[in-house]
Every structure is written in C-alpha cells, then in structure tokens.
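S.K.: Structure file input_2.cif (mmCIF, C-alpha atoms and all ligand atoms) right here:
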```
data_entry
#
loop_
_atom_site.label_atom_id
_atom_site.label_comp_id
_atom_site.auth_asym_id
_atom_site.auth_seq_id
_atom_site.Cartn_x
_atom_site.Cartn_y
_atom_site.Cartn_z
CA MET A 1 0.29 2.28 25.13
CA SER A 2 1.11 2.35 21.41
CA ILE A 3 1.71 5.79 20.00
CA THR A 4 1.44 6.95 16.44
CA VAL A 5 2.38 10.56 15.75
CA CYS A 6 0.64 11.90 12.64
CA LYS A 7 1.59 14.99 10.73
CA PHE A 8 -0.88 16.29 8.16
CA GLY A 9 0.40 18.64 5.47
CA GLY A 10 -1.29 21.74 4.07
CA SER A 11 -3.24 19.94 1.34
CA SER A 12 -4.67 17.59 4.00
CA VAL A 13 -6.23 20.49 5.93
CA CYS A 14 -7.02 22.89 3.08
CA ASP A 15 -10.81 23.02 3.65
CA GLY A 16 -13.67 21.67 5.74
CA ASP A 17 -14.05 18.45 3.76
CA ARG A 18 -10.38 17.71 4.31
CA PHE A 19 -10.81 18.37 8.06
CA ALA A 20 -13.53 15.72 8.06
CA GLN A 21 -11.26 13.34 6.17
CA VAL A 22 -8.44 13.81 8.68
CA ARG A 23 -10.85 13.19 11.56
CA SER A 24 -12.00 9.93 9.99
CA ILE A 25 -8.35 8.86 9.52
CA LEU A 26 -7.79 9.45 13.25
CA ARG A 27 -10.93 7.56 14.18
CA ALA A 28 -9.82 4.58 12.12
CA ASP A 29 -6.87 3.93 14.48
CA SER A 30 -6.91 4.80 18.17
CA ASP A 31 -3.08 4.76 18.30
CA ARG A 32 -3.09 7.99 16.28
CA ARG A 33 -2.83 10.13 19.39
CA PHE A 34 -0.64 13.13 18.64
CA ILE A 35 -1.48 15.21 15.62
CA VAL A 36 0.81 17.85 14.14
CA LEU A 37 -0.81 20.15 11.58
CA SER A 38 0.42 22.45 8.83
CA ALA A 39 -1.49 25.54 7.77
CA PRO A 40 -4.18 25.12 5.09
CA GLY A 41 -2.55 24.70 1.68
CA ARG A 42 -3.82 25.01 -1.87
CA ARG A 43 -7.32 23.69 -2.61
CA PHE A 44 -6.79 23.68 -6.37
CA PRO A 45 -3.97 24.60 -8.80
CA GLY A 46 -3.39 28.34 -8.67
CA ASP A 47 -4.87 28.70 -5.18
CA ASP A 48 -2.76 30.26 -2.40
CA LYS A 49 -1.31 28.57 0.65
CA ILE A 50 -2.22 30.38 3.86
CA THR A 51 1.47 30.69 4.78
CA ASP A 52 2.17 32.46 1.48
CA LEU A 53 -0.71 34.84 2.14
CA LEU A 54 0.64 35.59 5.62
CA TYR A 55 4.09 36.38 4.24
CA ARG A 56 2.49 38.58 1.60
CA ALA A 57 0.47 40.42 4.22
CA TRP A 58 3.63 40.95 6.25
CA ASP A 59 5.43 42.41 3.22
CA ALA A 60 2.49 44.57 2.11
CA ALA A 61 1.52 48.11 3.01
CA ASP A 62 -1.40 48.29 5.43
CA ASP A 63 -4.24 48.75 2.93
CA THR A 64 -3.10 45.78 0.80
CA ALA A 65 -2.50 43.75 3.95
CA GLN A 66 -6.09 44.47 4.92
CA PHE A 67 -7.29 42.91 1.68
CA ILE A 68 -5.07 39.84 2.21
CA PHE A 69 -6.33 39.45 5.80
CA THR A 70 -9.87 39.31 4.50
CA ARG A 71 -8.91 36.45 2.20
CA ILE A 72 -7.20 34.61 5.05
CA TYR A 73 -10.17 35.16 7.33
CA LEU A 74 -12.61 33.83 4.73
CA ARG A 75 -10.58 30.63 4.30
CA TYR A 76 -10.76 29.91 8.03
CA ALA A 77 -14.35 31.09 8.32
CA SER A 78 -15.50 28.53 5.77
CA ILE A 79 -13.76 25.76 7.74
CA ARG A 80 -15.21 27.09 10.99
CA ASP A 81 -18.74 27.26 9.54
CA GLN A 82 -18.53 23.67 8.34
CA CYS A 83 -16.65 22.06 11.22
CA ALA A 84 -16.62 24.09 14.43
CA PRO A 85 -19.44 26.67 14.38
CA ASP A 86 -18.93 27.59 18.05
CA PHE A 87 -15.26 28.47 17.63
CA ASP A 88 -14.72 32.19 18.21
CA LEU A 89 -12.70 32.89 15.09
CA GLU A 90 -13.42 36.62 15.22
CA GLU A 91 -11.82 36.96 18.65
CA GLU A 92 -8.75 34.94 17.58
CA PHE A 93 -8.47 36.85 14.36
CA SER A 94 -8.60 40.29 15.92
CA ARG A 95 -5.90 39.27 18.43
CA ILE A 96 -3.72 38.11 15.55
CA ARG A 97 -4.39 41.36 13.66
CA ARG A 98 -3.38 43.44 16.68
CA ARG A 99 -0.13 41.53 17.17
CA PHE A 100 0.60 40.80 13.53
CA ARG A 101 3.58 43.17 13.23
CA THR A 102 5.32 41.63 16.26
CA SER A 103 7.70 39.77 13.93
CA ARG A 104 7.73 38.08 10.55
CA ASP A 105 7.98 34.66 12.19
CA TYR A 106 5.06 35.41 14.48
CA ALA A 107 3.00 36.46 11.46
CA ALA A 108 3.87 33.29 9.50
CA SER A 109 3.23 31.02 12.47
CA ARG A 110 -0.41 32.06 12.75
CA GLY A 111 -1.42 29.79 9.85
CA GLU A 112 -0.54 26.64 11.78
CA TYR A 113 -1.76 28.08 15.06
CA LEU A 114 -5.27 28.84 13.80
CA CYS A 115 -5.52 25.59 11.90
CA ALA A 116 -4.65 23.52 14.97
CA ARG A 117 -6.98 25.57 17.19
CA LEU A 118 -9.84 24.98 14.77
CA PHE A 119 -9.09 21.30 14.42
CA ALA A 120 -8.93 20.88 18.20
CA ALA A 121 -12.32 22.61 18.50
CA TYR A 122 -13.71 20.35 15.78
CA THR A 123 -12.50 17.08 17.31
CA GLY A 124 -12.63 17.98 21.02
CA LEU A 125 -8.94 17.03 21.34
CA PRO A 126 -6.70 19.14 23.60
CA PHE A 127 -4.69 21.88 21.86
CA VAL A 128 -1.09 22.46 22.95
CA ASP A 129 0.73 25.48 21.55
CA ALA A 130 3.95 24.78 19.66
CA GLY A 131 5.59 27.72 21.46
CA GLU A 132 5.51 25.67 24.67
CA LEU A 133 6.95 22.55 23.03
CA PHE A 134 9.61 23.35 20.45
CA HIS A 135 12.53 25.34 21.83
CA PHE A 136 15.26 27.10 19.86
CA ASP A 137 18.50 28.40 21.34
CA ALA A 138 19.55 32.04 21.02
CA GLU A 139 21.22 31.25 17.67
CA GLY A 140 18.00 29.81 16.29
CA ARG A 141 19.04 26.15 16.41
CA ILE A 142 16.62 23.66 17.84
CA ASP A 143 17.38 22.91 21.50
CA SER A 144 16.83 19.16 21.41
CA VAL A 145 17.08 18.60 25.15
CA ALA A 146 14.56 21.30 26.13
CA THR A 147 12.25 20.31 23.27
CA ARG A 148 12.29 16.64 24.16
CA ARG A 149 11.59 17.38 27.80
CA ALA A 150 8.73 19.76 26.99
CA LEU A 151 7.12 17.33 24.54
CA GLN A 152 7.26 14.51 27.06
CA GLU A 153 6.06 16.58 30.01
CA ARG A 154 3.27 18.38 28.21
CA LEU A 155 1.95 15.73 25.82
CA LEU A 156 2.27 12.34 27.49
CA PRO A 157 -0.05 13.11 30.43
CA LEU A 158 -2.74 14.23 27.96
CA GLY A 159 -2.71 10.95 26.04
CA ARG A 160 -3.88 12.74 22.86
CA ALA A 161 -3.37 16.25 21.52
CA VAL A 162 -3.32 18.55 18.51
CA VAL A 163 -0.16 20.60 17.98
CA PRO A 164 0.61 23.27 15.37
CA GLY A 165 3.71 22.51 13.28
CA PHE A 166 6.29 24.91 11.84
CA TYR A 167 7.18 27.06 14.87
CA GLY A 168 8.52 27.12 18.38
CA SER A 169 9.97 29.69 20.72
CA LEU A 170 13.30 31.39 21.35
CA PRO A 171 14.75 31.75 24.87
CA ASP A 172 13.18 35.24 25.16
CA GLY A 173 9.74 33.77 24.48
CA SER A 174 9.33 35.19 20.98
CA LEU A 175 8.26 32.82 18.22
CA ARG A 176 10.51 31.40 15.57
CA THR A 177 9.58 29.31 12.53
CA PHE A 178 11.45 26.43 10.93
CA SER A 179 12.23 26.78 7.22
CA ARG A 180 9.40 26.25 4.73
CA GLY A 181 7.73 22.86 5.02
CA GLY A 182 9.06 22.61 8.57
CA SER A 183 5.97 20.97 10.09
CA ASP A 184 7.59 17.72 8.94
CA VAL A 185 10.40 18.49 11.40
CA SER A 186 7.92 19.34 14.20
CA GLY A 187 6.27 15.95 13.63
CA ALA A 188 9.58 14.09 13.63
CA LEU A 189 10.73 15.80 16.85
CA THR A 190 7.43 14.84 18.45
CA ALA A 191 7.67 11.21 17.33
CA ALA A 192 11.25 10.92 18.59
CA ALA A 193 10.54 12.55 21.97
CA LEU A 194 7.46 10.42 22.62
CA GLU A 195 9.29 7.27 21.43
CA ALA A 196 6.42 6.67 19.05
CA ASP A 197 5.86 3.32 17.38
CA VAL A 198 5.60 5.05 14.03
CA TYR A 199 5.63 8.55 12.53
CA GLU A 200 2.94 8.91 9.89
CA ASN A 201 3.47 11.78 7.49
CA TRP A 202 0.22 12.41 5.60
CA THR A 203 0.28 14.32 2.35
CA ASP A 204 -1.47 14.28 -1.04
CA VAL A 205 0.53 11.57 -2.83
CA ASP A 206 0.77 7.82 -2.30
CA GLY A 207 4.41 7.94 -1.21
CA LEU A 208 7.82 8.15 -2.83
CA PHE A 209 7.68 7.38 -6.56
CA THR A 210 10.47 6.40 -8.90
CA ALA A 211 9.94 9.86 -10.46
CA ASP A 212 7.40 12.67 -10.18
CA PRO A 213 4.16 11.02 -11.47
CA ASN A 214 3.06 14.37 -12.90
CA ILE A 215 6.00 14.14 -15.29
CA VAL A 216 6.24 10.36 -15.66
CA PRO A 217 2.76 8.80 -15.49
CA GLU A 218 4.19 5.27 -15.40
CA ALA A 219 6.38 6.02 -12.35
CA ARG A 220 6.08 3.36 -9.65
CA ARG A 221 5.67 3.78 -5.95
CA ASN A 222 8.61 2.59 -3.87
CA ARG A 223 7.30 0.52 -0.96
CA CYS A 224 10.33 1.18 1.17
CA VAL A 225 13.32 3.52 1.19
CA SER A 226 16.25 3.78 3.57
CA LEU A 227 16.45 6.75 5.85
CA HIS A 228 19.83 7.67 4.38
CA GLN A 229 18.53 7.61 0.80
CA MET A 230 15.39 9.55 1.66
CA GLU A 231 17.49 12.23 3.25
CA ARG A 232 19.72 12.42 0.17
CA LEU A 233 16.61 12.58 -2.06
CA ALA A 234 15.07 15.36 0.00
CA TRP A 235 18.27 17.41 -0.30
CA ALA A 236 18.36 16.68 -4.04
CA GLY A 237 14.86 18.10 -4.54
CA ALA A 238 12.26 15.46 -3.62
CA GLN A 239 9.45 17.52 -2.16
CA VAL A 240 7.66 14.79 -0.30
CA LEU A 241 9.58 15.41 2.95
CA HIS A 242 11.59 18.25 4.50
CA PRO A 243 15.33 17.40 4.34
CA ASP A 244 15.73 17.93 8.11
CA ALA A 245 12.79 15.72 9.05
CA LEU A 246 14.73 12.49 9.40
CA GLU A 247 17.55 13.72 11.61
CA PRO A 248 15.57 13.42 14.89
CA LEU A 249 14.60 9.84 14.03
CA LYS A 250 18.08 8.49 13.30
CA GLY A 251 19.04 5.65 15.59
CA THR A 252 15.61 5.57 17.25
CA GLY A 253 14.21 2.64 15.24
CA ILE A 254 11.09 4.73 14.53
CA ASP A 255 9.94 4.35 10.92
CA THR A 256 8.29 7.13 8.95
CA LEU A 257 5.32 6.18 6.82
CA LEU A 258 4.43 8.47 3.91
CA LYS A 259 0.65 8.26 3.47
CA ASN A 260 -1.98 9.85 1.25
CA THR A 261 -4.85 11.64 3.01
CA TYR A 262 -6.87 11.43 -0.18
CA CYS A 263 -6.39 7.68 -0.37
CA PRO A 264 -5.80 6.48 3.21
CA ASP A 265 -5.99 2.77 2.44
CA ALA A 266 -3.06 2.94 0.03
CA GLU A 267 -0.01 1.32 1.56
CA GLY A 268 2.31 4.35 1.26
CA THR A 269 6.10 4.30 1.49
CA ARG A 270 8.01 3.21 4.58
CA ILE A 271 11.22 5.06 5.44
CA SER A 272 13.28 2.81 7.64
CA GLU A 273 16.87 2.14 8.63
CA SER A 274 16.15 -1.48 7.75
CA CYS A 275 15.17 -0.81 4.09
CA PRO A 276 17.48 -1.96 1.28
CA ALA A 277 20.43 0.25 0.44
CA PHE A 278 19.13 2.08 -2.64
CA VAL A 279 15.88 2.02 -4.56
CA PRO A 280 15.50 3.50 -8.05
CA CYS A 281 14.45 7.13 -7.90
CA ILE A 282 14.90 10.33 -9.87
CA THR A 283 14.41 13.78 -8.49
CA GLY A 284 15.51 17.23 -9.50
CA ARG A 285 15.47 20.96 -9.18
CA ARG A 286 14.59 23.66 -11.63
CA GLY A 287 15.32 27.38 -11.40
CA LEU A 288 19.10 27.04 -11.07
CA TYR A 289 21.61 29.28 -12.82
CA ILE A 290 25.14 28.80 -14.00
CA ALA A 291 27.43 31.28 -15.68
CA ALA A 292 27.25 31.13 -19.46
CA ASP A 293 31.03 30.56 -19.53
CA PHE A 294 30.69 27.68 -17.08
CA ASN A 295 33.60 25.30 -17.45
CA PRO A 296 32.88 21.71 -16.43
CA GLU A 297 36.63 21.18 -15.90
CA ASN A 298 36.49 23.46 -12.87
CA CYS A 299 33.23 22.04 -11.77
CA CYS A 300 32.05 22.46 -8.27
CA PRO A 301 28.63 21.69 -6.78
CA LEU A 302 25.97 23.49 -8.74
CA PRO A 303 25.36 27.02 -7.53
CA ARG A 304 21.85 27.91 -6.48
CA ARG A 305 21.63 31.64 -6.74
CA ALA A 306 19.83 34.52 -8.33
CA PRO A 307 20.32 35.14 -12.05
CA PHE A 308 23.26 37.34 -12.95
CA GLU A 309 24.24 38.75 -16.28
CA GLY A 310 25.44 36.10 -18.66
CA SER A 311 23.89 33.31 -16.62
CA MET A 312 21.98 30.38 -18.01
CA ARG A 313 18.86 28.82 -16.60
CA VAL A 314 19.42 25.14 -15.90
CA ALA A 315 17.99 22.24 -13.99
CA SER A 316 19.67 19.45 -12.12
CA VAL A 317 18.35 15.91 -12.36
CA ASN A 318 19.52 13.46 -9.70
CA ALA A 319 19.27 9.76 -10.47
CA PHE A 320 19.67 7.20 -7.68
CA GLY A 321 20.00 3.45 -8.08
CA LEU A 322 21.48 3.30 -11.63
CA THR A 323 23.67 0.33 -12.42
CA ASP A 324 27.02 0.95 -14.10
CA ALA A 325 25.55 -0.09 -17.47
CA GLN A 326 22.60 2.27 -17.03
CA THR A 327 24.95 5.08 -16.04
CA ALA A 328 26.87 4.51 -19.26
CA ARG A 329 23.62 4.69 -21.23
CA VAL A 330 22.66 7.95 -19.56
CA GLU A 331 26.07 9.36 -20.40
CA ALA A 332 25.80 8.21 -24.00
CA THR A 333 22.24 9.33 -24.71
CA ILE A 334 21.41 12.37 -22.58
CA ASP A 335 22.36 15.70 -24.03
CA SER A 336 23.62 17.32 -20.85
CA ILE A 337 25.66 20.37 -19.97
CA HIS A 338 27.51 18.35 -17.43
CA ILE A 339 27.30 15.07 -15.52
CA ILE A 340 28.68 14.78 -12.02
CA HIS A 341 29.31 11.40 -10.37
CA MET A 342 28.24 12.00 -6.80
CA GLN A 343 29.05 9.47 -4.10
CA ASP A 344 25.69 7.71 -4.33
CA HIS A 345 23.96 9.11 -7.41
CA LEU A 346 24.40 10.76 -10.75
CA GLN A 347 23.72 14.50 -11.10
CA ILE A 348 22.90 15.62 -14.63
CA ILE A 349 22.89 19.33 -15.47
CA ILE A 350 20.65 20.24 -18.39
CA PRO A 351 19.06 23.36 -19.89
CA GLU A 352 15.92 23.96 -17.88
CA HIS A 353 13.56 23.54 -20.84
CA ASP A 354 14.74 19.92 -21.23
CA TYR A 355 13.75 19.02 -17.66
CA ALA A 356 10.62 16.90 -18.19
CA ALA A 357 11.94 15.12 -21.31
CA THR A 358 15.22 14.29 -19.55
CA ILE A 359 13.47 12.90 -16.48
CA ARG A 360 11.29 10.72 -18.71
CA ARG A 361 14.28 9.40 -20.65
CA ILE A 362 16.39 8.65 -17.57
CA HIS A 363 13.40 7.01 -15.91
CA GLU A 364 13.05 4.73 -18.92
CA ILE A 365 16.71 3.74 -18.56
CA LEU A 366 16.42 3.33 -14.80
CA LEU A 367 13.53 0.88 -15.04
CA SER A 368 14.92 -1.00 -18.04
CA SER A 369 17.18 -4.02 -17.80
CA ASP A 370 20.89 -3.34 -18.04
CA GLU A 371 21.02 -4.54 -21.63
CA GLY A 372 17.91 -2.53 -22.63
N1 LIG B 1 2.93 26.12 6.36
C1 LIG B 1 4.37 26.11 6.24
C2 LIG B 1 4.77 26.17 4.78
O1 LIG B 1 3.91 26.34 3.92
C3 LIG B 1 4.99 24.97 6.94
C4 LIG B 1 4.52 23.59 6.56
O2 LIG B 1 3.56 23.46 5.81
O3 LIG B 1 5.13 22.62 6.97
O4 LIG B 1 5.92 26.10 4.49
#
```
For this file, produce the structure as structure tokens.
Ligand code: ASP
M.R.:
Amino acid sequence: MSITVCKFGGSSVCDGDRFAQVRSILRADSDRRFIVLSAPGRRFPGDDKITDLLYRAWDAADDTAQFIFTRIYLRYASIRDQCAPDFDLEEEFSRIRRRFRTSRDYAASRGEYLCARLFAAYTGLPFVDAGELFHFDAEGRIDSVATRRALQERLLPLGRAVVPGFYGSLPDGSLRTFSRGGSDVSGALTAAALEADVYENWTDVDGLFTADPNIVPEARRNRCVSLHQMERLAWAGAQVLHPDALEPLKGTGIDTLLKNTYCPDAEGTRISESCPAFVPCITGRRGLYIAADFNPENCCPLPRRAPFEGSMRVASVNAFGLTDAQTARVEATIDSIHIIHMQDHLQIIIPEHDYAATIRRIHEILLSSDEG
C-alpha cells in the first residue's frame, strides 16, 4: 500500500471553496490517505487567521472575547453551511466555549480541531484527534517513541484519516501546541511514523523560489532543494516550511513535496536528501533591532529582541548559493551595516527600509553570470 501524507496549510482550508478544492486534490490520487490540517487562515489580505483570533479571545476580557467568538463561529458556520450542513457546529462550539479557559494551548488548538472535524464530516473520512497521536514529555518536548507508536497503531488500521495539526498532549492529558506554523511538524511526524512514500506539504505558493516573488516578480521556482539547505533557509526566514519540520524525516528517505493548493498541477519543489548541495535562494527577516552603537568588530549573531532605547530597526538578508565572484560583487555594491560570512551563506544586515531593494539587487547578482 503506497502512502502519501498530505498537510494542508491555513490558506488551503480558509473557506468552503477551499475545502472543495482540497477534497478534489485528495480524489485525484488515492494514495493521499492521511490528511493533516491547519486551522483556517486568511481569505484575503487583512483578514484574520483563526489561530490569531483564538489567541486574541484568550487574551481579551470576557465581553470582547464574546465578540471574537462570534467572528470565529461565523467563519466555521459558513464552511459548515457550504460543505457539511449536518455537522452539529453549535454543540461543538458550546463545548469549546465552556472549556475555553482550560489553558492557552487548549484555546489555540481548537482552530485545528474544528477544522479537521468539519473536513472529516464533509469527506466522510475518519477523524482522529491529535491529542491521541502526538505526545509531549513533561518538559514539553515531543516524545518521538510514544508518538510514532500512537500514529502507527491508531492510523494504519484505518487506512485513511483526517488529523488536526499543531497540537498534541502532555503526560497528564492536557493539550500542548507546537510553535506557530507547527502543523508542518505534525505532518512530518506522521509521514515518518507511517513510513510514507512522500510527504506533501500543500500551501498557497508553487514551492521554494529564488526569492520572495512578491518582492522579486522574476524570481524562479527551484525544482529541488536539499533537506539541509531547506532547513537552513527555514531558520533564516523562509516562511514556506516550519524550521522543525524536516527533523523527523532525516535519514528516512522520505521526500517532502511543496505544492500549491491553488494550482495543484504545478510541479512544486522537492525537498530531498538526494538534491544538489545548494541552489540559489535569498531569504530574510525584518523587524530586527541592533543597538545604535553596534560595532561590527565585536559582531555576534544578530540579536532578535524587542526595541530598546537607542536601537535601530534592521533587516537581515540571507543569500545562499553565491559564487565567490558574486559574493565580492555583493560586498562591493550593497550598502550594508554589516556582512557576515556564515558557513554556507552570506548574511547581510541592512536598515529595514532598504529590505526590498536589497533583495532585488542581490537576486540580480545571484542569477547573473559571475562576470555580470
Ligand atoms: N494554525 C497554527 C498557526 O497559525 C498552526 C499552523 O497553521 O500550522 O500558527
């Protein structure tokens, strides 16, 4: 039996039309047996992710929380009305409301829980709760042995199932979430435990690009990237995958395929131990701060911390795959605060307002010939 584990991100399940799209992706390939879902994400720029609303409701006083609950309910109700009219959302919702203050992690986990319940009702696939599958130890680290055993014992006999991402349970039975974006990790743990043929990670872009296509329209999709490089990119700011999502797959031979729910026939990007050493790629982070009297001579890895008096708002741009000649051109032409030669890439610290222009310029150098 071939097994594909599919994880669909928040933008892939943000409304009823997207639910229908995910169902047709599953129908197109019967190997897509185990489905890990995020909570509904943004439907349009400026919209809210359900998980953000849940955190806001947790932080809010009761009357404001009430207002936020109504918004959350209406999001799910519109999916229910379109896709699973018999699903008793009101019953589920009032149970969640009653238990909402159990813990912050419980509150946040309900986005994935409800989404997967609804999707299971829509498709007729069995639902298995993440609390029974993903186990953390008392310190909050994933218990790989217990998790692997639970995934195998609970999922394999079913042959197909829908599972909420993002949370699991602590030894005392209470729920715990992964860090933000953690459904990627839930999907990877599932793929590794079930010894899947492939782990498909479905999102709203065609894969890993040479730079963010919103900033660099001529950026190209990389067809393949090594697991090591993808992990480095994720830590350096690439948002397409959670930085911890590749750890469970190391040494298993299971490839991860980044795919676009909005364009399912596009080839995507394959993350594999067998991909070439380094492909060209630029990523970065904004919203960093360094002290105004920062001295590059004493440089250390860039701090990521709240603003303090006398601090300066900067961004870090990380360029992978530059040749020596291209590195020299970056050093000669980019007006940076500091450039750090990391083991496998160049980190360029710039004032934050130069972020987009710097990415565009480095991308030009990266895709040019050495002499360019
Ligand atoms: N819904 C959670 C978040 O927004 C987890 C996930 O999407 O993977 O971070």
S.K.: Need to verify the contact set: region 341-357 of chain A, 10 Å, all atoms listed in the file, exclusion of same-chain residues closer than 3 positions in sequence. Can you return it as a ChimeraX atom specification?
M.R.: /A:212,214-216,229,232-233,236,278,281-290,301-302,312-322,327,330-331,334-338,360-363
S.K.: Taking only residues of chain A that have an atom at most 9 Å from an atom of ligand LIG 1 (chain B), what is each one's shortest atom pair and its distance in Å to one decimal, using all atoms listed in the file, in chain and number order, as a tab-separated table?
M.R.:
```
residue	atom	partner	partner_atom	distance
A:Phe8	CA	B:LIG1	O2	8.8
A:Gly9	CA	B:LIG1	O2	5.8
A:Gly10	CA	B:LIG1	O2	5.4
A:Ser11	CA	B:LIG1	O2	8.9
A:Leu37	CA	B:LIG1	O3	7.9
A:Ser38	CA	B:LIG1	O2	4.5
A:Ala39	CA	B:LIG1	N1	4.7
A:Pro40	CA	B:LIG1	N1	7.3
A:Gly41	CA	B:LIG1	O1	7.0
A:Lys49	CA	B:LIG1	O1	6.6
A:Ile50	CA	B:LIG1	N1	7.1
A:Thr51	CA	B:LIG1	N1	5.1
A:Asp52	CA	B:LIG1	O1	6.8
A:Ala108	CA	B:LIG1	N1	7.9
A:Ser109	CA	B:LIG1	N1	7.8
A:Gly111	CA	B:LIG1	N1	6.7
A:Glu112	CA	B:LIG1	N1	6.5
A:Gly165	CA	B:LIG1	O3	6.5
A:Phe166	CA	B:LIG1	C3	5.1
A:Tyr167	CA	B:LIG1	C3	8.5
A:Thr177	CA	B:LIG1	C3	8.4
A:Phe178	CA	B:LIG1	C3	7.7
A:Ser179	CA	B:LIG1	O4	6.9
A:Arg180	CA	B:LIG1	O4	3.5
A:Gly181	CA	B:LIG1	O3	3.3
A:Gly182	CA	B:LIG1	O3	4.2
A:Ser183	CA	B:LIG1	O3	3.6
A:Asp184	CA	B:LIG1	O3	5.8
A:Val185	CA	B:LIG1	O3	8.0
A:Ser186	CA	B:LIG1	O3	8.4
A:His242	CA	B:LIG1	O3	8.2
```
S.K.: Between CA of Pro126 (chain A) and CA of Tyr199 (chain A), what is the distance, to one decimal in Å?
M.R.: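 Those two atoms sit 19.7 Å apart.
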S.K.: What is the distance, in Å and to one decimal place, between CA of Leu175 (chain A) and CA of Ala138 (chain A)?
M.R.: 11.7 Å
S.K.: Counting all atoms listed in the file, what is within 9 Å of Trp58 (chain A), bar same-chain residues fewer than 5 positions away, as a PyMOL selection string?
M.R.: chain A and resi 53+65+100-101+103-104+107-108
S.K.: Keeping only C-alpha atoms, write the selected residues to a file as a CSV table (one decimal), in the frame of the given file.
M.R.:
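File produced: result_2.csv:
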```csv
chain,number,residue,atom,x,y,z
A,53,LEU,CA,-0.7,34.8,2.1
A,65,ALA,CA,-2.5,43.8,4.0
A,100,PHE,CA,0.6,40.8,13.5
A,101,ARG,CA,3.6,43.2,13.2
A,103,SER,CA,7.7,39.8,13.9
A,104,ARG,CA,7.7,38.1,10.6
A,107,ALA,CA,3.0,36.5,11.5
A,108,ALA,CA,3.9,33.3,9.5
```
S.K.: Identify which of the residues A:Phe294, A:Phe127, A:Phe136, A:Phe119 lies closest to Ser174 (chain A), counting all atoms listed in the file when measuring atom-to-atom distances.
M.R.: A:Phe136
S.K.: When you count all atoms listed in the file, which of these residues is closest to Leu151 (chain A): A:Ser169, A:Ser226, A:Thr123, A:Thr190?
M.R.: A:Thr190
S.K.: Between CA of Ala28 (chain A) and CA of Val205 (chain A), measure the distance and give it in Å to one decimal.
M.R.: 19.5 Å
S.K.: Tell me which of A:Leu114, A:Leu125, A:Leu208, A:Leu170 sits closest to Glu139 (chain A), counting all atoms listed in the file.
M.R.: A:Leu170
S.K.: From the options A:Arg270, A:Arg27, A:Lys259, A:Arg117, which residue's atoms come nearest to Val163 (chain A), counting all atoms listed in the file?
M.R.: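 The answer is A:Arg117, which sits nearest to Val163 (chain A).
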S.K.: Need to verify the contact set: Ala196 (chain A), 6 Å, all atoms listed in the file, exclusion of same-chain residues closer than 5 positions in sequence. Can you return it as a ChimeraX atom specification?
M.R.: /A:3-4,191
S.K.: Could you check which of A:Ile359, A:Ala61, A:Val145, A:Val240 is closest to Leu133 (chain A), using all atoms listed in the file?
M.R.: A:Val145
S.K.: From the list A:Thr256, A:Asp86, A:His135, A:Arg220, which residue is nearest Val279 (chain A) when using only C-alpha atoms?
M.R.: A:Arg220
S.K.: For region 79-91 of chain A, write N, CA, C and O atoms out as a PDB file, in the first residue's frame.
M.R.:
```pdb
ATOM      1  N   ILE A  79     -18.439  27.642   6.438  1.00  0.00           N
ATOM      2  CA  ILE A  79     -17.889  26.398   5.862  1.00  0.00           C
ATOM      3  C   ILE A  79     -18.893  25.260   6.073  1.00  0.00           C
ATOM      4  O   ILE A  79     -19.174  24.473   5.161  1.00  0.00           O
ATOM      5  N   ARG A  80     -19.424  25.183   7.280  1.00  0.00           N
ATOM      6  CA  ARG A  80     -20.406  24.128   7.577  1.00  0.00           C
ATOM      7  C   ARG A  80     -21.596  24.220   6.611  1.00  0.00           C
ATOM      8  O   ARG A  80     -22.001  23.215   6.006  1.00  0.00           O
ATOM      9  N   ASP A  81     -22.136  25.416   6.434  1.00  0.00           N
ATOM     10  CA  ASP A  81     -23.326  25.574   5.583  1.00  0.00           C
ATOM     11  C   ASP A  81     -23.041  25.099   4.159  1.00  0.00           C
ATOM     12  O   ASP A  81     -23.876  24.496   3.505  1.00  0.00           O
ATOM     13  N   GLN A  82     -21.832  25.379   3.698  1.00  0.00           N
ATOM     14  CA  GLN A  82     -21.494  25.027   2.316  1.00  0.00           C
ATOM     15  C   GLN A  82     -21.100  23.550   2.169  1.00  0.00           C
ATOM     16  O   GLN A  82     -21.423  22.924   1.160  1.00  0.00           O
ATOM     17  N   CYS A  83     -20.437  23.009   3.185  1.00  0.00           N
ATOM     18  CA  CYS A  83     -19.811  21.691   2.979  1.00  0.00           C
ATOM     19  C   CYS A  83     -20.399  20.547   3.817  1.00  0.00           C
ATOM     20  O   CYS A  83     -20.360  19.400   3.387  1.00  0.00           O
ATOM     21  N   ALA A  84     -20.831  20.838   5.014  1.00  0.00           N
ATOM     22  CA  ALA A  84     -21.259  19.732   5.895  1.00  0.00           C
ATOM     23  C   ALA A  84     -22.472  20.188   6.701  1.00  0.00           C
ATOM     24  O   ALA A  84     -22.398  20.344   7.924  1.00  0.00           O
ATOM     25  N   PRO A  85     -23.627  20.394   6.036  1.00  0.00           N
ATOM     26  CA  PRO A  85     -24.776  21.005   6.707  1.00  0.00           C
ATOM     27  C   PRO A  85     -25.274  20.223   7.921  1.00  0.00           C
ATOM     28  O   PRO A  85     -25.888  20.805   8.806  1.00  0.00           O
ATOM     29  N   ASP A  86     -24.975  18.903   7.977  1.00  0.00           N
ATOM     30  CA  ASP A  86     -25.466  18.130   9.120  1.00  0.00           C
ATOM     31  C   ASP A  86     -24.535  18.184  10.335  1.00  0.00           C
ATOM     32  O   ASP A  86     -24.858  17.647  11.391  1.00  0.00           O
ATOM     33  N   PHE A  87     -23.386  18.774  10.175  1.00  0.00           N
ATOM     34  CA  PHE A  87     -22.420  18.815  11.282  1.00  0.00           C
ATOM     35  C   PHE A  87     -22.953  19.719  12.392  1.00  0.00           C
ATOM     36  O   PHE A  87     -23.360  20.852  12.135  1.00  0.00           O
ATOM     37  N   ASP A  88     -22.929  19.194  13.635  1.00  0.00           N
ATOM     38  CA  ASP A  88     -23.505  19.955  14.752  1.00  0.00           C
ATOM     39  C   ASP A  88     -22.468  20.939  15.315  1.00  0.00           C
ATOM     40  O   ASP A  88     -21.867  20.716  16.369  1.00  0.00           O
ATOM     41  N   LEU A  89     -22.273  22.014  14.591  1.00  0.00           N
ATOM     42  CA  LEU A  89     -21.280  23.009  14.982  1.00  0.00           C
ATOM     43  C   LEU A  89     -21.660  23.676  16.307  1.00  0.00           C
ATOM     44  O   LEU A  89     -20.795  23.974  17.127  1.00  0.00           O
ATOM     45  N   GLU A  90     -22.950  23.889  16.515  1.00  0.00           N
ATOM     46  CA  GLU A  90     -23.393  24.592  17.721  1.00  0.00           C
ATOM     47  C   GLU A  90     -22.996  23.803  18.977  1.00  0.00           C
ATOM     48  O   GLU A  90     -22.504  24.362  19.951  1.00  0.00           O
ATOM     49  N   GLU A  91     -23.194  22.491  18.912  1.00  0.00           N
ATOM     50  CA  GLU A  91     -22.833  21.637  20.051  1.00  0.00           C
ATOM     51  C   GLU A  91     -21.315  21.702  20.309  1.00  0.00           C
ATOM     52  O   GLU A  91     -20.862  21.900  21.434  1.00  0.00           O
TER      53      GLU A  91
END
```
